file model_10.cif (mmCIF, C-alpha atoms)
data_input
#
loop_
_atom_site.group_PDB
_atom_site.id
_atom_site.type_symbol
_atom_site.label_atom_id
_atom_site.label_comp_id
_atom_site.auth_asym_id
_atom_site.auth_seq_id
_atom_site.Cartn_x
_atom_site.Cartn_y
_atom_site.Cartn_z
ATOM 1 C CA MET A 1 -65.327 15.651 17.061
ATOM 2 C CA SER A 2 -63.632 18.313 19.127
ATOM 3 C CA LEU A 3 -60.135 19.241 17.970
ATOM 4 C CA PHE A 4 -58.987 19.265 21.592
ATOM 5 C CA ILE A 5 -60.179 15.687 22.077
ATOM 6 C CA ILE A 6 -58.432 14.593 18.875
ATOM 7 C CA ILE A 7 -55.100 16.073 19.938
ATOM 8 C CA ILE A 8 -55.255 14.782 23.536
ATOM 9 C CA ALA A 9 -56.331 11.336 22.338
ATOM 10 C CA THR A 10 -53.544 11.211 19.764
ATOM 11 C CA VAL A 11 -50.774 12.501 22.038
ATOM 12 C CA LEU A 12 -51.597 10.591 25.222
ATOM 13 C CA VAL A 13 -54.277 7.919 24.838
ATOM 14 C CA ASN A 14 -53.468 6.557 21.378
ATOM 15 C CA ASN A 15 -49.780 7.443 21.200
ATOM 16 C CA PHE A 16 -48.425 5.884 18.014
ATOM 17 C CA VAL A 17 -45.228 4.606 19.633
ATOM 18 C CA LEU A 18 -46.507 3.533 23.032
ATOM 19 C CA SER A 19 -50.028 2.416 22.157
ATOM 20 C CA TYR A 20 -49.875 1.204 18.540
ATOM 21 C CA PHE A 21 -46.142 0.322 18.626
ATOM 22 C CA LEU A 22 -45.515 2.073 15.320
ATOM 23 C CA GLY A 23 -42.226 3.859 14.683
ATOM 24 C CA ILE A 24 -40.210 1.724 17.080
ATOM 25 C CA CYS A 25 -36.999 1.789 14.963
ATOM 26 C CA PRO A 26 -36.318 5.544 15.324
ATOM 27 C CA PHE A 27 -37.791 5.461 18.834
ATOM 28 C CA LEU A 28 -35.119 3.018 19.964
ATOM 29 C CA GLY A 29 -32.360 4.265 17.671
ATOM 30 C CA VAL A 30 -32.459 8.019 18.253
ATOM 31 C CA SER A 31 -33.535 8.141 21.899
ATOM 32 C CA GLY A 32 -29.979 7.931 23.236
ATOM 33 C CA LYS A 33 -29.535 11.711 23.506
ATOM 34 C CA ALA A 34 -32.203 14.340 24.189
ATOM 35 C CA SER A 35 -30.858 16.746 21.551
ATOM 36 C CA SER A 36 -31.123 14.215 18.712
ATOM 37 C CA ALA A 37 -34.499 13.017 20.049
ATOM 38 C CA ILE A 38 -35.905 16.547 19.902
ATOM 39 C CA GLY A 39 -34.543 17.045 16.380
ATOM 40 C CA MET A 40 -35.993 13.751 15.181
ATOM 41 C CA GLY A 41 -39.278 14.558 16.902
ATOM 42 C CA PHE A 42 -39.556 17.898 15.124
ATOM 43 C CA ALA A 43 -38.704 16.289 11.774
ATOM 44 C CA VAL A 44 -41.318 13.548 12.262
ATOM 45 C CA THR A 45 -43.912 16.086 13.470
ATOM 46 C CA PHE A 46 -43.306 18.210 10.363
ATOM 47 C CA VAL A 47 -43.614 15.194 8.065
ATOM 48 C CA MET A 48 -46.716 13.867 9.859
ATOM 49 C CA THR A 49 -48.498 17.217 9.808
ATOM 50 C CA PHE A 50 -47.863 17.850 6.126
ATOM 51 C CA THR A 51 -48.578 14.210 5.274
ATOM 52 C CA ALA A 52 -51.968 14.527 6.983
ATOM 53 C CA ALA A 53 -52.808 17.637 4.959
ATOM 54 C CA ILE A 54 -51.564 16.415 1.595
ATOM 55 C CA THR A 55 -52.952 12.877 1.869
ATOM 56 C CA TRP A 56 -56.387 14.257 2.757
ATOM 57 C CA LEU A 57 -56.301 16.522 -0.286
ATOM 58 C CA ILE A 58 -55.091 13.715 -2.556
ATOM 59 C CA LYS A 59 -57.738 11.303 -1.283
ATOM 60 C CA TYR A 60 -60.748 13.612 -1.341
ATOM 61 C CA LYS A 61 -59.856 15.837 -4.302
ATOM 62 C CA ILE A 62 -58.242 13.299 -6.671
ATOM 63 C CA LEU A 63 -58.594 9.631 -5.701
ATOM 64 C CA ILE A 64 -62.289 9.562 -4.723
ATOM 65 C CA PRO A 65 -63.607 11.888 -7.482
ATOM 66 C CA PHE A 66 -61.735 9.942 -10.164
ATOM 67 C CA HIS A 67 -62.623 6.520 -8.658
ATOM 68 C CA LEU A 68 -58.985 5.646 -7.910
ATOM 69 C CA PRO A 69 -59.064 4.544 -4.253
ATOM 70 C CA PHE A 70 -56.770 1.610 -5.056
ATOM 71 C CA LEU A 71 -53.915 4.134 -5.486
ATOM 72 C CA GLU A 72 -54.217 5.335 -1.884
ATOM 73 C CA TYR A 73 -51.263 3.372 -0.460
ATOM 74 C CA VAL A 74 -48.964 4.207 -3.358
ATOM 75 C CA SER A 75 -49.814 7.896 -3.331
ATOM 76 C CA PHE A 76 -49.440 8.124 0.451
ATOM 77 C CA ILE A 77 -45.997 6.484 0.307
ATOM 78 C CA LEU A 78 -44.878 8.856 -2.465
ATOM 79 C CA ILE A 79 -46.040 11.857 -0.448
ATOM 80 C CA ILE A 80 -44.167 10.666 2.649
ATOM 81 C CA ALA A 81 -40.980 9.965 0.683
ATOM 82 C CA SER A 82 -41.110 13.403 -0.952
ATOM 83 C CA LEU A 83 -41.610 15.196 2.362
ATOM 84 C CA VAL A 84 -38.749 13.290 3.984
ATOM 85 C CA GLN A 85 -36.440 14.223 1.113
ATOM 86 C CA PHE A 86 -37.411 17.862 1.620
ATOM 87 C CA VAL A 87 -36.683 17.638 5.375
ATOM 88 C CA GLU A 88 -33.377 15.888 4.713
ATOM 89 C CA MET A 89 -32.234 18.560 2.239
ATOM 90 C CA PHE A 90 -33.329 21.336 4.603
ATOM 91 C CA LEU A 91 -31.488 19.857 7.608
ATOM 92 C CA LYS A 92 -28.361 19.123 5.588
ATOM 93 C CA LYS A 93 -28.208 22.742 4.451
ATOM 94 C CA SER A 94 -29.497 24.549 7.565
ATOM 95 C CA VAL A 95 -28.584 22.361 10.577
ATOM 96 C CA PRO A 96 -25.659 20.120 9.572
ATOM 97 C CA GLY A 97 -24.925 19.110 13.191
ATOM 98 C CA LEU A 98 -28.434 17.717 13.644
ATOM 99 C CA TYR A 99 -28.260 16.137 10.195
ATOM 100 C CA ARG A 100 -25.105 14.232 11.216
ATOM 101 C CA ALA A 101 -26.532 13.359 14.674
ATOM 102 C CA LEU A 102 -29.644 11.782 13.143
ATOM 103 C CA GLY A 103 -27.511 9.817 10.683
ATOM 104 C CA ILE A 104 -29.242 6.878 9.030
ATOM 105 C CA TYR A 105 -32.432 7.451 11.015
ATOM 106 C CA LEU A 106 -33.320 10.593 9.052
ATOM 107 C CA PRO A 107 -33.876 8.833 5.705
ATOM 108 C CA LEU A 108 -35.562 6.016 7.627
ATOM 109 C CA ILE A 109 -38.416 8.428 8.383
ATOM 110 C CA THR A 110 -39.569 7.459 4.881
ATOM 111 C CA THR A 111 -40.172 3.914 6.065
ATOM 112 C CA ASN A 112 -41.426 4.951 9.506
ATOM 113 C CA CYS A 113 -44.643 3.001 9.777
ATOM 114 C CA ALA A 114 -46.033 5.565 12.266
ATOM 115 C CA ILE A 115 -46.324 8.114 9.455
ATOM 116 C CA LEU A 116 -48.047 5.739 7.044
ATOM 117 C CA GLY A 117 -50.192 4.461 9.919
ATOM 118 C CA MET A 118 -51.247 8.014 10.741
ATOM 119 C CA ALA A 119 -52.163 8.695 7.100
ATOM 120 C CA LEU A 120 -54.192 5.491 6.835
ATOM 121 C CA LEU A 121 -55.908 5.913 10.221
ATOM 122 C CA GLY A 122 -56.864 9.474 9.355
ATOM 123 C CA SER A 123 -58.305 8.164 6.103
ATOM 124 C CA LEU A 124 -60.261 5.401 7.864
ATOM 125 C CA ARG A 125 -61.697 7.767 10.461
ATOM 126 C CA ASN A 126 -63.105 10.073 7.752
ATOM 127 C CA TYR A 127 -61.845 13.220 9.429
ATOM 128 C CA ASN A 128 -62.453 16.518 7.688
ATOM 129 C CA PHE A 129 -59.386 18.491 6.575
ATOM 130 C CA ILE A 130 -58.852 20.395 9.848
ATOM 131 C CA GLU A 131 -59.444 17.306 12.010
ATOM 132 C CA ASN A 132 -56.980 15.319 9.908
ATOM 133 C CA LEU A 133 -54.408 18.108 10.166
ATOM 134 C CA VAL A 134 -54.803 18.193 13.969
ATOM 135 C CA PHE A 135 -54.618 14.386 14.048
ATOM 136 C CA GLY A 136 -51.322 14.457 12.123
ATOM 137 C CA PHE A 137 -49.893 17.198 14.323
ATOM 138 C CA GLY A 138 -50.993 15.361 17.490
ATOM 139 C CA ALA A 139 -49.429 12.137 16.244
ATOM 140 C CA GLY A 140 -46.144 13.968 15.692
ATOM 141 C CA ILE A 141 -46.284 15.606 19.114
ATOM 142 C CA GLY A 142 -47.038 12.221 20.703
ATOM 143 C CA PHE A 143 -44.092 10.670 18.857
ATOM 144 C CA THR A 144 -41.850 13.525 20.023
ATOM 145 C CA LEU A 145 -43.086 13.215 23.601
ATOM 146 C CA ALA A 146 -42.362 9.489 23.713
ATOM 147 C CA LEU A 147 -38.941 10.021 22.118
ATOM 148 C CA VAL A 148 -37.915 12.808 24.513
ATOM 149 C CA ILE A 149 -39.127 10.924 27.603
ATOM 150 C CA MET A 150 -37.167 7.845 26.538
ATOM 151 C CA ALA A 151 -34.077 9.950 25.770
ATOM 152 C CA GLY A 152 -34.230 11.567 29.205
ATOM 153 C CA ILE A 153 -34.502 8.197 30.917
ATOM 154 C CA ARG A 154 -31.681 6.715 28.830
ATOM 155 C CA GLU A 155 -29.401 9.672 29.603
ATOM 156 C CA GLU A 156 -30.020 9.115 33.316
ATOM 157 C CA LEU A 157 -29.378 5.389 32.895
ATOM 158 C CA GLU A 158 -25.777 6.131 31.925
ATOM 159 C CA PHE A 159 -25.154 6.794 35.623
ATOM 160 C CA ALA A 160 -27.165 3.798 36.865
ATOM 161 C CA ASP A 161 -25.821 0.405 37.841
ATOM 162 C CA VAL A 162 -27.628 -1.725 35.237
ATOM 163 C CA PRO A 163 -26.949 -5.486 35.462
ATOM 164 C CA LYS A 164 -24.658 -6.675 32.653
ATOM 165 C CA PRO A 165 -27.243 -8.923 30.897
ATOM 166 C CA LEU A 166 -29.716 -6.017 30.682
ATOM 167 C CA GLN A 167 -27.343 -3.350 29.388
ATOM 168 C CA GLY A 168 -28.071 -1.904 25.943
ATOM 169 C CA ALA A 169 -31.146 -3.104 24.100
ATOM 170 C CA GLY A 170 -32.465 -5.174 27.016
ATOM 171 C CA ILE A 171 -32.995 -2.294 29.420
ATOM 172 C CA THR A 172 -34.217 -0.050 26.585
ATOM 173 C CA LEU A 173 -36.974 -2.509 25.675
ATOM 174 C CA ILE A 174 -37.949 -2.937 29.316
ATOM 175 C CA LEU A 175 -38.183 0.857 29.638
ATOM 176 C CA ALA A 176 -40.280 1.068 26.466
ATOM 177 C CA GLY A 177 -42.678 -1.493 27.949
ATOM 178 C CA LEU A 178 -42.896 0.436 31.215
ATOM 179 C CA LEU A 179 -43.554 3.680 29.326
ATOM 180 C CA ALA A 180 -46.291 1.937 27.352
ATOM 181 C CA LEU A 181 -47.860 0.762 30.619
ATOM 182 C CA ALA A 182 -47.677 4.286 32.014
ATOM 183 C CA PHE A 183 -49.381 5.703 28.921
ATOM 184 C CA MET A 184 -52.105 3.045 29.195
ATOM 185 C CA GLY A 185 -53.144 4.899 32.342
ATOM 186 C CA PHE A 186 -54.457 7.662 30.077
ATOM 187 C CA SER A 187 -56.808 5.263 28.256
ATOM 188 C CA GLY A 188 -59.734 5.939 30.587
ATOM 189 C CA MET A 189 -59.376 9.657 30.001
ATOM 190 C CA ILE A 190 -60.905 9.717 26.527
ATOM 191 C CA SER A 191 -62.554 6.828 24.763
ATOM 192 C CA GLY A 192 -61.841 6.579 21.045
ATOM 193 C CA GLY A 193 -59.877 9.347 19.402
#

call {"tool": "encode", "arguments": {"input": "model_10.cif", "output": "structure tokens"}}
result
Amino acid sequence: MSLFIIIIATVLVNNFVLSYFLGICPFLGVSGKASSAIGMGFAVTFVMTFTAAITWLIKYKILIPFHLPFLEYVSFILIIASLVQFVEMFLKKSVPGLYRALGIYLPLITTNCAILGMALLGSLRNYNFIENLVFGFGAGIGFTLALVIMAGIREELEFADVPKPLQGAGITLILAGLLALAFMGFSGMISGG
């Protein structure tokens, strides 16, 4: 499969947040400000890309040759948790402002089901190493795109006259649904992915 098709399909057509509804917790929690959304997007993209590479290596170089496919979930979760700890330590030391802005949502990347979903989908699709790496990177870019779009809309909503019953989570969920509908428009662009 073409690498271009994989990345376009993952970013637009099969966006993990807006198509599969994975990773909704950080999507809703961190999308209040564009700066924190971009930071979270980069952190998730880093973790997804490296998770894609490492999980492929673990699966095809250790688990399958040694007949241990039943350890796939456990090993994938350990890889994700380790990468998130690395990102957390790096941000705490290098970018303390972003570290504080992300707050509780940074360690929650460990339990972000979009990352585990990406690792498992890449495994199910039997991508080769490069395809899986591009798939992971595309999933992270798609997550970042959805997060930044939502953050931009929510920043503009601060100046809008939103009816009282819809303020807060109500309008955010309505916007997420509308974004998902908008991204469904890309579904005819590429079948599969």

call {"tool": "closest_residue", "arguments": {"input": "model_10.cif", "among": "A:Met40, A:Ile62, A:Ala101, A:Val162", "to": "Phe27 (chain A)", "atoms": "all atoms listed in the file"}}
result
A:Met40

call {"tool": "atom_distance", "arguments": {"input": "model_10.cif", "atom1": "CA of Ile174 (chain A)", "atom2": "CA of Glu156 (chain A)"}}
result
15.0 Å

call {"tool": "residues_near_point", "arguments": {"input": "model_10.cif", "point": "(-45.9, 5.2, 17.5)", "cutoff": "9 Å", "atoms": "only C-alpha atoms", "output": "list in words"}}
result
Asn14, Asn15, Phe16, Val17, Leu18, Ser19, Tyr20, Phe21, Leu22, Gly23, Ile24, Phe27, Cys113, Ala114, Ile115, Gly117, Ala139, Gly140, Gly142, Phe143 and Ala146 of chain A

call {"tool": "atom_distance", "arguments": {"input": "model_10.cif", "atom1": "CA of Leu12 (chain A)", "atom2": "CA of Leu120 (chain A)"}}
result
19.3 Å

call {"tool": "axis_aligned_box", "arguments": {"input": "model_10.cif", "around": "region 117-133 of chain A", "padding_each_side": "8 Å", "output": "AutoDock Vina command-line options"}}
result
--center_x -56.6 --center_y 12.4 --center_z 9.1 --size_x 28.9 --size_y 31.9 --size_z 21.9

call {"tool": "closest_residue", "arguments": {"input": "model_10.cif", "among": "A:Met150, A:Met48, A:Leu63, A:Ile7", "to": "Asn112 (chain A)", "atoms": "all atoms listed in the file"}}
result
A:Met48

call {"tool": "closest_residue", "arguments": {"input": "model_10.cif", "among": "A:Lys164, A:Lys33, A:Lys59, A:Arg154", "to": "Val74 (chain A)", "atoms": "only C-alpha atoms"}}
result
A:Lys59

call {"tool": "closest_residue", "arguments": {"input": "model_10.cif", "among": "A:Met118, A:Ile80, A:Leu28, A:Leu106", "to": "Val134 (chain A)", "atoms": "all atoms listed in the file"}}
result
A:Met118

call {"tool": "residues_around", "arguments": {"input": "model_10.cif", "residues": "Thr172 (chain A)", "least_positions_apart": "3", "cutoff": "10 Å", "atoms": "all atoms listed in the file", "output": "JSON, numbers by chain"}}
result
{"A": [28, 31, 32, 150, 153, 154, 157, 166, 167, 168, 169, 175, 176, 177, 178]}

call {"tool": "residues_around", "arguments": {"input": "model_10.cif", "residues": "Leu78 (chain A)", "least_positions_apart": "2", "cutoff": "12 Å", "atoms": "all atoms listed in the file", "output": "ChimeraX atom specification"}}
result
/A:51,54-55,58,71-76,80-85,110-111,116

call {"tool": "atom_distance", "arguments": {"input": "model_10.cif", "atom1": "CA of Val11 (chain A)", "atom2": "CA of Gly138 (chain A)"}}
result
5.4 Å

call {"tool": "closest_residue", "arguments": {"input": "model_10.cif", "among": "A:Ile8, A:Pro26, A:Ala119, A:Ile77", "to": "Ile38 (chain A)", "atoms": "only C-alpha atoms"}}
result
A:Pro26

call {"tool": "residues_around", "arguments": {"input": "model_10.cif", "residues": "Leu3 (chain A)", "least_positions_apart": "5", "cutoff": "12 Å", "atoms": "only C-alpha atoms", "output": "JSON, numbers by chain"}}
result
{"A": [8, 9, 10, 127, 128, 129, 130, 131, 132, 133, 134, 135, 136, 137, 138, 193]}

call {"tool": "write_last_selection", "arguments": {"input": "model_10.cif", "atoms": "C-alpha atoms", "output": "mmCIF file, in the frame of the given file"}}
result
data_model
loop_
_atom_site.group_PDB
_atom_site.id
_atom_site.type_symbol
_atom_site.label_atom_id
_atom_site.label_comp_id
_atom_site.auth_asym_id
_atom_site.auth_seq_id
_atom_site.Cartn_x
_atom_site.Cartn_y
_atom_site.Cartn_z
ATOM 1 C CA ILE A 8 -55.255 14.782 23.536
ATOM 2 C CA ALA A 9 -56.331 11.336 22.338
ATOM 3 C CA THR A 10 -53.544 11.211 19.764
ATOM 4 C CA TYR A 127 -61.845 13.220 9.429
ATOM 5 C CA ASN A 128 -62.453 16.518 7.688
ATOM 6 C CA PHE A 129 -59.386 18.491 6.575
ATOM 7 C CA ILE A 130 -58.852 20.395 9.848
ATOM 8 C CA GLU A 131 -59.444 17.306 12.010
ATOM 9 C CA ASN A 132 -56.980 15.319 9.908
ATOM 10 C CA LEU A 133 -54.408 18.108 10.166
ATOM 11 C CA VAL A 134 -54.803 18.193 13.969
ATOM 12 C CA PHE A 135 -54.618 14.386 14.048
ATOM 13 C CA GLY A 136 -51.322 14.457 12.123
ATOM 14 C CA PHE A 137 -49.893 17.198 14.323
ATOM 15 C CA GLY A 138 -50.993 15.361 17.490
ATOM 16 C CA GLY A 193 -59.877 9.347 19.402
#

call {"tool": "closest_residue", "arguments": {"input": "model_10.cif", "among": "A:Asp161, A:Phe4, A:Val13, A:Ala52", "to": "Ser187 (chain A)", "atoms": "only C-alpha atoms"}}
result
A:Val13

call {"tool": "build_atoms", "arguments": {"input": "model_10.cif", "residues": "region 157-177 of chain A", "atoms": "N, CA and C atoms", "output": "PDB file, keeping the file's coordinate frame"}}
result
ATOM      1  N   LEU A 157     -29.832   6.772  32.720  1.00  0.00           N
ATOM      2  CA  LEU A 157     -29.378   5.389  32.895  1.00  0.00           C
ATOM      3  C   LEU A 157     -27.871   5.240  32.737  1.00  0.00           C
ATOM      4  N   GLU A 158     -27.235   6.203  32.082  1.00  0.00           N
ATOM      5  CA  GLU A 158     -25.777   6.131  31.925  1.00  0.00           C
ATOM      6  C   GLU A 158     -25.079   6.144  33.275  1.00  0.00           C
ATOM      7  N   PHE A 159     -25.741   6.714  34.283  1.00  0.00           N
ATOM      8  CA  PHE A 159     -25.154   6.794  35.623  1.00  0.00           C
ATOM      9  C   PHE A 159     -25.691   5.709  36.556  1.00  0.00           C
ATOM     10  N   ALA A 160     -26.560   4.844  36.036  1.00  0.00           N
ATOM     11  CA  ALA A 160     -27.165   3.798  36.865  1.00  0.00           C
ATOM     12  C   ALA A 160     -26.339   2.517  36.782  1.00  0.00           C
ATOM     13  N   ASP A 161     -26.505   1.693  37.795  1.00  0.00           N
ATOM     14  CA  ASP A 161     -25.821   0.405  37.841  1.00  0.00           C
ATOM     15  C   ASP A 161     -26.765  -0.647  37.258  1.00  0.00           C
ATOM     16  N   VAL A 162     -26.757  -0.778  35.933  1.00  0.00           N
ATOM     17  CA  VAL A 162     -27.628  -1.725  35.237  1.00  0.00           C
ATOM     18  C   VAL A 162     -26.910  -3.077  35.172  1.00  0.00           C
ATOM     19  N   PRO A 163     -27.586  -4.161  35.553  1.00  0.00           N
ATOM     20  CA  PRO A 163     -26.949  -5.486  35.462  1.00  0.00           C
ATOM     21  C   PRO A 163     -26.449  -5.764  34.041  1.00  0.00           C
ATOM     22  N   LYS A 164     -25.320  -6.427  33.944  1.00  0.00           N
ATOM     23  CA  LYS A 164     -24.658  -6.675  32.653  1.00  0.00           C
ATOM     24  C   LYS A 164     -25.588  -7.294  31.607  1.00  0.00           C
ATOM     25  N   PRO A 165     -26.387  -8.324  31.937  1.00  0.00           N
ATOM     26  CA  PRO A 165     -27.243  -8.923  30.897  1.00  0.00           C
ATOM     27  C   PRO A 165     -28.318  -7.976  30.353  1.00  0.00           C
ATOM     28  N   LEU A 166     -28.661  -6.937  31.110  1.00  0.00           N
ATOM     29  CA  LEU A 166     -29.716  -6.017  30.682  1.00  0.00           C
ATOM     30  C   LEU A 166     -29.190  -4.772  29.990  1.00  0.00           C
ATOM     31  N   GLN A 167     -27.891  -4.562  29.977  1.00  0.00           N
ATOM     32  CA  GLN A 167     -27.343  -3.350  29.388  1.00  0.00           C
ATOM     33  C   GLN A 167     -27.628  -3.306  27.888  1.00  0.00           C
ATOM     34  N   GLY A 168     -27.828  -2.091  27.373  1.00  0.00           N
ATOM     35  CA  GLY A 168     -28.071  -1.904  25.943  1.00  0.00           C
ATOM     36  C   GLY A 168     -29.538  -2.073  25.590  1.00  0.00           C
ATOM     37  N   ALA A 169     -29.787  -2.930  24.618  1.00  0.00           N
ATOM     38  CA  ALA A 169     -31.146  -3.104  24.100  1.00  0.00           C
ATOM     39  C   ALA A 169     -32.097  -3.682  25.151  1.00  0.00           C
ATOM     40  N   GLY A 170     -31.602  -4.539  26.022  1.00  0.00           N
ATOM     41  CA  GLY A 170     -32.465  -5.174  27.016  1.00  0.00           C
ATOM     42  C   GLY A 170     -33.164  -4.167  27.911  1.00  0.00           C
ATOM     43  N   ILE A 171     -32.398  -3.276  28.512  1.00  0.00           N
ATOM     44  CA  ILE A 171     -32.995  -2.294  29.420  1.00  0.00           C
ATOM     45  C   ILE A 171     -33.839  -1.286  28.643  1.00  0.00           C
ATOM     46  N   THR A 172     -33.449  -0.993  27.406  1.00  0.00           N
ATOM     47  CA  THR A 172     -34.217  -0.050  26.585  1.00  0.00           C
ATOM     48  C   THR A 172     -35.599  -0.617  26.278  1.00  0.00           C
ATOM     49  N   LEU A 173     -35.677  -1.882  25.960  1.00  0.00           N
ATOM     50  CA  LEU A 173     -36.974  -2.509  25.675  1.00  0.00           C
ATOM     51  C   LEU A 173     -37.831  -2.624  26.935  1.00  0.00           C
ATOM     52  N   ILE A 174     -37.206  -2.896  28.058  1.00  0.00           N
ATOM     53  CA  ILE A 174     -37.949  -2.937  29.316  1.00  0.00           C
ATOM     54  C   ILE A 174     -38.524  -1.549  29.617  1.00  0.00           C
ATOM     55  N   LEU A 175     -37.716  -0.516  29.418  1.00  0.00           N
ATOM     56  CA  LEU A 175     -38.183   0.857  29.638  1.00  0.00           C
ATOM     57  C   LEU A 175     -39.316   1.222  28.685  1.00  0.00           C
ATOM     58  N   ALA A 176     -39.208   0.794  27.433  1.00  0.00           N
ATOM     59  CA  ALA A 176     -40.280   1.068  26.466  1.00  0.00           C
ATOM     60  C   ALA A 176     -41.579   0.408  26.922  1.00  0.00           C
ATOM     61  N   GLY A 177     -41.488  -0.809  27.431  1.00  0.00           N
ATOM     62  CA  GLY A 177     -42.678  -1.493  27.949  1.00  0.00           C
ATOM     63  C   GLY A 177     -43.271  -0.780  29.144  1.00  0.00           C
TER      64      GLY A 177
END
